[in-house]
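Following: one structure in C-alpha cells, then a few remarks.
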Amino acid sequence: MFKILFILHLPPPVHGASMMGKYLHDSKLINETFECKYINLTTAKSLQDIGKNSINKLWTFIRLLTKIIKNTITFKPQLVYVTPNACGGAFYKDFIVVQLLKLFRHKVITHYHNKGVSTRQDHWLDNLLYKYFFKEIKVILLSKNLYKDVCKYVDFKDVFICPNGIPETLMKEMPTERHNNEIHLLFLSNLLISKGILLLLDACKILKEKGFSFTCDFIGGETTEIDAWSFNENVRKRGLDKIASYRGKKYGKNKSHFFKNADIFVFPTSYPNECFPLVLLEAMEYSLPCISTNEGGIANIIEDGKTGYIIPQNDATALAEKIEYLILHHEERNAMGERGREKFKREFVLERFEKRMKDIINNAINRP
C-alpha cells in the first residue's frame, strides 16, 4: 500500500479548497486505497484573517514546517500532495513548503483550487520562483480552461484534470417546477464585491423598474468589504427593501431550504481566484438553472444556453436580461434545471471525484 502525505487546507475557514480538503480527508475510498497522513496547511482561522500577516501566523507556519519535516522522515511517503496558493504572500509560504519537500527528495503533486500564476509571471522575482516551484512536479487542475494560468511553467503531459465533486444531499430528486407565487432568485457566497453582490443588486433594480415581481435572497458570510449593515445600505439606496434580503450564513437543512424554494441561482462573479465554485454544483443538484460568468472553470460547469447562462463580467444589464428571460420562459427555465441536475449526477458527485483522485494519485506515483 502506497504511503501518501496530504498537506492541504481544512476548515475553518470554510471555502472551496478547505471543503475539498475535508472530502479527501474523510474519503473512505482514499483512506482504504492508500496509507494516508494529513497535515493542515491553513494558517488563517477566519475569512477575515485570510491575507493578513501576524506574529501568530509566522509561529504557526514555523510549527507547520517542523511537522512536515518530522513526517517526511518518519512516515516516508511515496507521494506528497500539496494544495498551494497561486500567488501573493501565501504563495511564498507554499514555495518554501514545496522546496523543503524537494530537498528531502520526495515526489510532489500540487492540486490547484485557485489561480493567479499568469498575473505574476512577468514580475522577475515571481517568475524565478515559479520556475523552481514547478520544476519536476505534477499538477492537478480543476478544468482544462485553467491550464493557461500555468502553461508557461508546466508541460501539459504533467497535468491531470480533476473537476470537483460534492456529496449528494437530496434523498429524492427535486421537482423542477417550484410553483412559487413570485420568482425567487438566490445568491450564495461570501459577501465580497468581486463575487457580484452589488452587480446583482443593480440587476434587481433594473428588473424592478421594468415591473417584475420577484425576491432575491443573499446567503453567505460577512467580510470586511461587505457586512450586514453595508449590504442593507446598498439595498436601501436602490429601493429594494422588499425585494433583496441578506439571510446570513446557512448550513445543512437551513441552506437546503433556500435551494428548494429558489427558481434561479445567480452567481455573477469576477473574483480573480475563482476556479470551480462548489456552490454551482449545489444549485445544479437542486435542479436550478444557473447564471454566472466565464471565470476560471465555470464554463465547464454551466453549459451556456443548456443548463444556464454565461454572461459578461460586471454587466448588470446583461445579467438582468438573462434573469428576465428565465422569468418569462418557465418551461425553458425548468428544462435547464433538469439538464443541470442530470449533469451534476453524471459528472460532479463526490464518488466521481474520489475515483478520479484515486486514479490520479496512482498514476502520479507510477510516472517517472
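Chain lettering (A, B, ...) mirrors the order of the C-alpha cells, residue numbering begins at 1 for each chain separately, and ligand numbering begins at 1 in order of display.
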Counting only C-alpha atoms, give me one row per residue of region 167-237 of chain A with an atom at most 6 Å from an atom of region 259-281 of chain A, showing the shortest contact pair and its distance in Å to one decimal, sorted by chain then residue number, as a Markdown table.
```
| residue | atom | partner | partner_atom | distance |
| --- | --- | --- | --- | --- |
| A:His184 | CA | A:Ala262 | CA | 4.9 |
| A:Leu185 | CA | A:Ile264 | CA | 5.1 |
| A:Leu186 | CA | A:Phe265 | CA | 4.9 |
| A:Phe187 | CA | A:Val266 | CA | 5.4 |
| A:Ser194 | CA | A:Tyr271 | CA | 4.6 |
| A:Lys195 | CA | A:Thr269 | CA | 4.1 |
| A:Gly196 | CA | A:Thr269 | CA | 4.8 |
```
Name all residues at most 8 Å from region 119-134 of chain A (count only C-alpha atoms; drop same-chain ones fewer than 3 positions away) and give them as a PDB file with N, CA, C and O atoms, in the first residue's frame.
```pdb
ATOM      1  N   CYS A  87      -0.466  32.723  -5.949  1.00  0.00           N
ATOM      2  CA  CYS A  87       0.263  33.979  -5.992  1.00  0.00           C
ATOM      3  C   CYS A  87       0.147  34.705  -4.648  1.00  0.00           C
ATOM      4  O   CYS A  87      -0.600  34.274  -3.765  1.00  0.00           O
ATOM      5  N   PHE A  95       5.811  28.047  -1.441  1.00  0.00           N
ATOM      6  CA  PHE A  95       7.070  27.809  -2.150  1.00  0.00           C
ATOM      7  C   PHE A  95       8.084  27.166  -1.207  1.00  0.00           C
ATOM      8  O   PHE A  95       8.768  26.202  -1.564  1.00  0.00           O
ATOM      9  N   VAL A  98       7.126  23.439  -0.605  1.00  0.00           N
ATOM     10  CA  VAL A  98       7.424  22.539  -1.723  1.00  0.00           C
ATOM     11  C   VAL A  98       8.926  22.370  -1.909  1.00  0.00           C
ATOM     12  O   VAL A  98       9.405  21.250  -2.174  1.00  0.00           O
ATOM     13  N   GLN A  99       9.694  23.439  -1.763  1.00  0.00           N
ATOM     14  CA  GLN A  99      11.148  23.307  -1.896  1.00  0.00           C
ATOM     15  C   GLN A  99      11.726  22.436  -0.777  1.00  0.00           C
ATOM     16  O   GLN A  99      12.679  21.688  -0.986  1.00  0.00           O
ATOM     17  N   GLY A 116      -3.880  32.495 -10.604  1.00  0.00           N
ATOM     18  CA  GLY A 116      -3.225  33.786 -10.483  1.00  0.00           C
ATOM     19  C   GLY A 116      -1.760  33.761 -10.857  1.00  0.00           C
ATOM     20  O   GLY A 116      -1.090  34.790 -10.818  1.00  0.00           O
ATOM     21  N   ILE A 137       7.505  18.569 -10.779  1.00  0.00           N
ATOM     22  CA  ILE A 137       6.309  18.202 -10.021  1.00  0.00           C
ATOM     23  C   ILE A 137       5.146  17.992 -10.989  1.00  0.00           C
ATOM     24  O   ILE A 137       5.186  18.451 -12.132  1.00  0.00           O
ATOM     25  N   LYS A 138       4.131  17.291 -10.523  1.00  0.00           N
ATOM     26  CA  LYS A 138       2.893  17.111 -11.275  1.00  0.00           C
ATOM     27  C   LYS A 138       1.864  18.102 -10.739  1.00  0.00           C
ATOM     28  O   LYS A 138       1.932  18.534  -9.585  1.00  0.00           O
ATOM     29  N   TYR A 153       4.999  27.389 -17.345  1.00  0.00           N
ATOM     30  CA  TYR A 153       5.929  26.638 -16.494  1.00  0.00           C
ATOM     31  C   TYR A 153       5.698  25.127 -16.493  1.00  0.00           C
ATOM     32  O   TYR A 153       6.572  24.376 -16.055  1.00  0.00           O
ATOM     33  N   VAL A 154       4.539  24.675 -16.950  1.00  0.00           N
ATOM     34  CA  VAL A 154       4.175  23.260 -16.819  1.00  0.00           C
ATOM     35  C   VAL A 154       3.813  22.689 -18.187  1.00  0.00           C
ATOM     36  O   VAL A 154       2.960  23.239 -18.894  1.00  0.00           O
TER      37      VAL A 154
END
```
Selection near region 7-12 of chain A, 7 Å with only C-alpha atoms, sequence-local residues under 6 positions removed, as a list of chain:residue names: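 Neighbouring residues, sequence-local ones excluded: A:Ser18, A:Met19, A:Gly21, A:Lys22, A:Tyr38, A:Ile39, A:Asn40, A:Leu41, A:Thr42, A:Lys45, A:Ser46, A:Tyr81, A:Val82, A:Thr83.
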Using N, CA and C atoms, can you export the residues from the last selection as a CSV table (one decimal), in the first residue's frame?
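Listing of out_5.csv after writing:
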```
chain,number,residue,atom,x,y,z
A,18,SER,N,-10.8,24.3,1.2
A,18,SER,CA,-10.9,23.6,2.5
A,18,SER,C,-12.0,22.5,2.5
A,19,MET,N,-13.1,22.8,1.8
A,19,MET,CA,-14.1,21.8,1.8
A,19,MET,C,-13.6,20.5,1.0
A,21,GLY,N,-10.6,19.7,0.7
A,21,GLY,CA,-9.6,19.0,1.6
A,21,GLY,C,-10.3,18.1,2.6
A,22,LYS,N,-11.4,18.6,3.1
A,22,LYS,CA,-12.2,17.8,4.1
A,22,LYS,C,-12.7,16.5,3.4
A,38,TYR,N,-2.3,13.3,7.2
A,38,TYR,CA,-2.8,14.6,6.8
A,38,TYR,C,-2.2,15.7,7.7
A,39,ILE,N,-1.8,16.8,7.0
A,39,ILE,CA,-1.3,18.0,7.7
A,39,ILE,C,-2.1,19.2,7.2
A,40,ASN,N,-2.6,20.0,8.1
A,40,ASN,CA,-3.4,21.1,7.7
A,40,ASN,C,-2.5,22.3,7.4
A,41,LEU,N,-2.6,22.8,6.1
A,41,LEU,CA,-1.8,23.8,5.6
A,41,LEU,C,-2.3,25.2,6.0
A,42,THR,N,-3.5,25.3,6.5
A,42,THR,CA,-4.2,26.6,6.8
A,42,THR,C,-3.5,27.3,8.0
A,45,LYS,N,-7.5,31.6,10.5
A,45,LYS,CA,-8.6,31.0,11.3
A,45,LYS,C,-10.0,31.5,11.0
A,46,SER,N,-10.1,32.5,10.1
A,46,SER,CA,-11.4,33.0,9.7
A,46,SER,C,-11.2,33.6,8.3
A,81,TYR,N,1.2,15.2,-1.5
A,81,TYR,CA,0.1,16.0,-2.1
A,81,TYR,C,0.0,17.4,-1.4
A,82,VAL,N,0.1,18.5,-2.2
A,82,VAL,CA,0.0,19.8,-1.6
A,82,VAL,C,-1.0,20.6,-2.4
A,83,THR,N,-1.8,21.4,-1.6
A,83,THR,CA,-2.7,22.4,-2.2
A,83,THR,C,-2.2,23.8,-2.0
```
Please tabulate, as CSV, the residues of region 68-128 of chain A that come within 10 Å of region 342-365 of chain A, each with its closest pair of atoms and the distance in Å to one decimal, counting only C-alpha atoms and ordering rows by chain, then residue number upward.
```
residue,atom,partner,partner_atom,distance
A:Gln78,CA,A:Ile365,CA,6.9
A:Leu79,CA,A:Ile365,CA,6.4
A:Val80,CA,A:Ile365,CA,9.7
A:Tyr81,CA,A:Ile361,CA,8.7
A:Lys107,CA,A:Ile365,CA,7.7
A:Val108,CA,A:Ala364,CA,8.7
A:Ile109,CA,A:Ala364,CA,7.4
```
List as a PDB file with N, CA and C atoms, in the first residue's frame the protein and nucleic acid residues near Lys249 (chain A), meaning an atom at most 6 Å away when only C-alpha atoms are counted, but skip any in the same chain fewer than 6 places from it.
```pdb
ATOM      1  N   ILE A 219     -27.154  34.768   0.694  1.00  0.00           N
ATOM      2  CA  ILE A 219     -26.664  33.941   1.797  1.00  0.00           C
ATOM      3  C   ILE A 219     -25.140  33.907   1.739  1.00  0.00           C
ATOM      4  N   GLY A 220     -24.509  34.049   2.909  1.00  0.00           N
ATOM      5  CA  GLY A 220     -23.053  33.956   2.952  1.00  0.00           C
ATOM      6  C   GLY A 220     -22.475  34.667   4.154  1.00  0.00           C
ATOM      7  N   GLY A 221     -21.183  34.495   4.346  1.00  0.00           N
ATOM      8  CA  GLY A 221     -20.506  35.097   5.485  1.00  0.00           C
ATOM      9  C   GLY A 221     -20.165  36.551   5.239  1.00  0.00           C
TER      10      GLY A 221
END
```
What's the 9 Å shell around Glu338 (chain A), counting only C-alpha atoms, without same-chain residues fewer than 3 positions away, as a list in words?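 In the requested form, the answer reads Pro175, Thr176, Met284, Tyr286, Ser287, Leu288, Pro289, Thr307, Arg333, Asn334, Ala335, Arg341, Glu342 and Lys343 of chain A.
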Write the residues you've just listed into a file as a CSV table (one decimal), in the first residue's frame, and include N, CA, C and O atoms for each of them.
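Output file part.csv follows:
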```
chain,number,residue,atom,x,y,z
A,175,PRO,N,-38.3,18.5,-7.7
A,175,PRO,CA,-39.1,18.8,-8.9
A,175,PRO,C,-38.6,20.1,-9.5
A,175,PRO,O,-38.2,21.0,-8.8
A,176,THR,N,-38.5,20.2,-10.9
A,176,THR,CA,-38.0,21.4,-11.5
A,176,THR,C,-39.0,22.6,-11.4
A,176,THR,O,-38.7,23.7,-11.4
A,284,MET,N,-27.1,23.0,-9.0
A,284,MET,CA,-27.5,22.0,-10.1
A,284,MET,C,-28.1,20.8,-9.5
A,284,MET,O,-29.0,20.3,-10.1
A,286,TYR,N,-30.1,20.8,-7.1
A,286,TYR,CA,-31.4,21.2,-6.7
A,286,TYR,C,-32.2,21.6,-8.0
A,286,TYR,O,-33.3,22.3,-7.9
A,287,SER,N,-31.7,21.2,-9.1
A,287,SER,CA,-32.4,21.5,-10.4
A,287,SER,C,-32.6,22.9,-10.7
A,287,SER,O,-33.7,23.3,-11.3
A,288,LEU,N,-31.7,23.8,-10.4
A,288,LEU,CA,-31.8,25.2,-10.6
A,288,LEU,C,-31.0,25.6,-11.8
A,288,LEU,O,-29.8,25.2,-12.0
A,289,PRO,N,-31.6,26.4,-12.8
A,289,PRO,CA,-30.8,27.0,-13.8
A,289,PRO,C,-29.8,28.0,-13.2
A,289,PRO,O,-30.2,28.7,-12.2
A,307,THR,N,-27.8,24.5,-19.6
A,307,THR,CA,-28.1,24.4,-18.1
A,307,THR,C,-28.1,25.7,-17.4
A,307,THR,O,-28.3,25.8,-16.2
A,333,ARG,N,-36.8,27.5,-18.3
A,333,ARG,CA,-36.2,27.5,-17.0
A,333,ARG,C,-36.2,26.1,-16.4
A,333,ARG,O,-35.2,25.7,-15.8
A,334,ASN,N,-37.3,25.5,-16.4
A,334,ASN,CA,-37.4,24.1,-15.8
A,334,ASN,C,-36.5,23.1,-16.6
A,334,ASN,O,-35.9,22.3,-16.0
A,335,ALA,N,-36.5,23.2,-17.9
A,335,ALA,CA,-35.7,22.3,-18.7
A,335,ALA,C,-34.2,22.5,-18.4
A,335,ALA,O,-33.4,21.5,-18.3
A,341,ARG,N,-29.3,19.2,-13.4
A,341,ARG,CA,-29.3,18.1,-12.4
A,341,ARG,C,-28.7,16.8,-13.0
A,341,ARG,O,-27.9,16.1,-12.3
A,342,GLU,N,-29.0,16.5,-14.2
A,342,GLU,CA,-28.5,15.3,-14.9
A,342,GLU,C,-27.0,15.4,-15.0
A,342,GLU,O,-26.3,14.4,-14.8
A,343,LYS,N,-26.5,16.6,-15.4
A,343,LYS,CA,-25.0,16.8,-15.5
A,343,LYS,C,-24.4,16.6,-14.1
A,343,LYS,O,-23.3,16.1,-14.0
```
Strand (DSSP E) per DSSP on the backbone: members of region 212-269 of chain A, as a JSON list (two decimals) with C-alpha atoms, in the first residue's frame:
```json
[["chain", "number", "residue", "atom", "x", "y", "z"],
["A", 214, "PHE", "CA", -39.63, 38.72, -7.55],
["A", 215, "THR", "CA", -37.46, 38.32, -4.45],
["A", 216, "CYS", "CA", -33.71, 37.79, -4.13],
["A", 217, "ASP", "CA", -32.10, 36.09, -1.12],
["A", 218, "PHE", "CA", -28.41, 36.57, -0.35],
["A", 219, "ILE", "CA", -26.66, 33.94, 1.80],
["A", 244, "ALA", "CA", -33.45, 41.84, -1.64],
["A", 245, "SER", "CA", -32.69, 40.30, 1.76],
["A", 246, "TYR", "CA", -29.49, 39.21, 3.47],
["A", 264, "ILE", "CA", -32.97, 30.66, -10.39],
["A", 265, "PHE", "CA", -29.43, 30.62, -8.97],
["A", 266, "VAL", "CA", -27.34, 33.72, -9.73],
["A", 267, "PHE", "CA", -23.58, 33.94, -9.21]]
```
Excluding Asp315 (chain A) and any residue of its chain fewer than 2 positions from it, enumerate the residues within 12 Å of it, using only C-alpha atoms, and give them as a PyMOL selection string. chain A and resi 196+198-203+206+268-270+292-293+310-313+317-322
Name the residues in contact with Leu100 (chain A) at a cut-off of 9 Å, using only C-alpha atoms, excluding same-chain residues fewer than 6 positions from it; report them as number ranges by chain. A: 65, 68-69
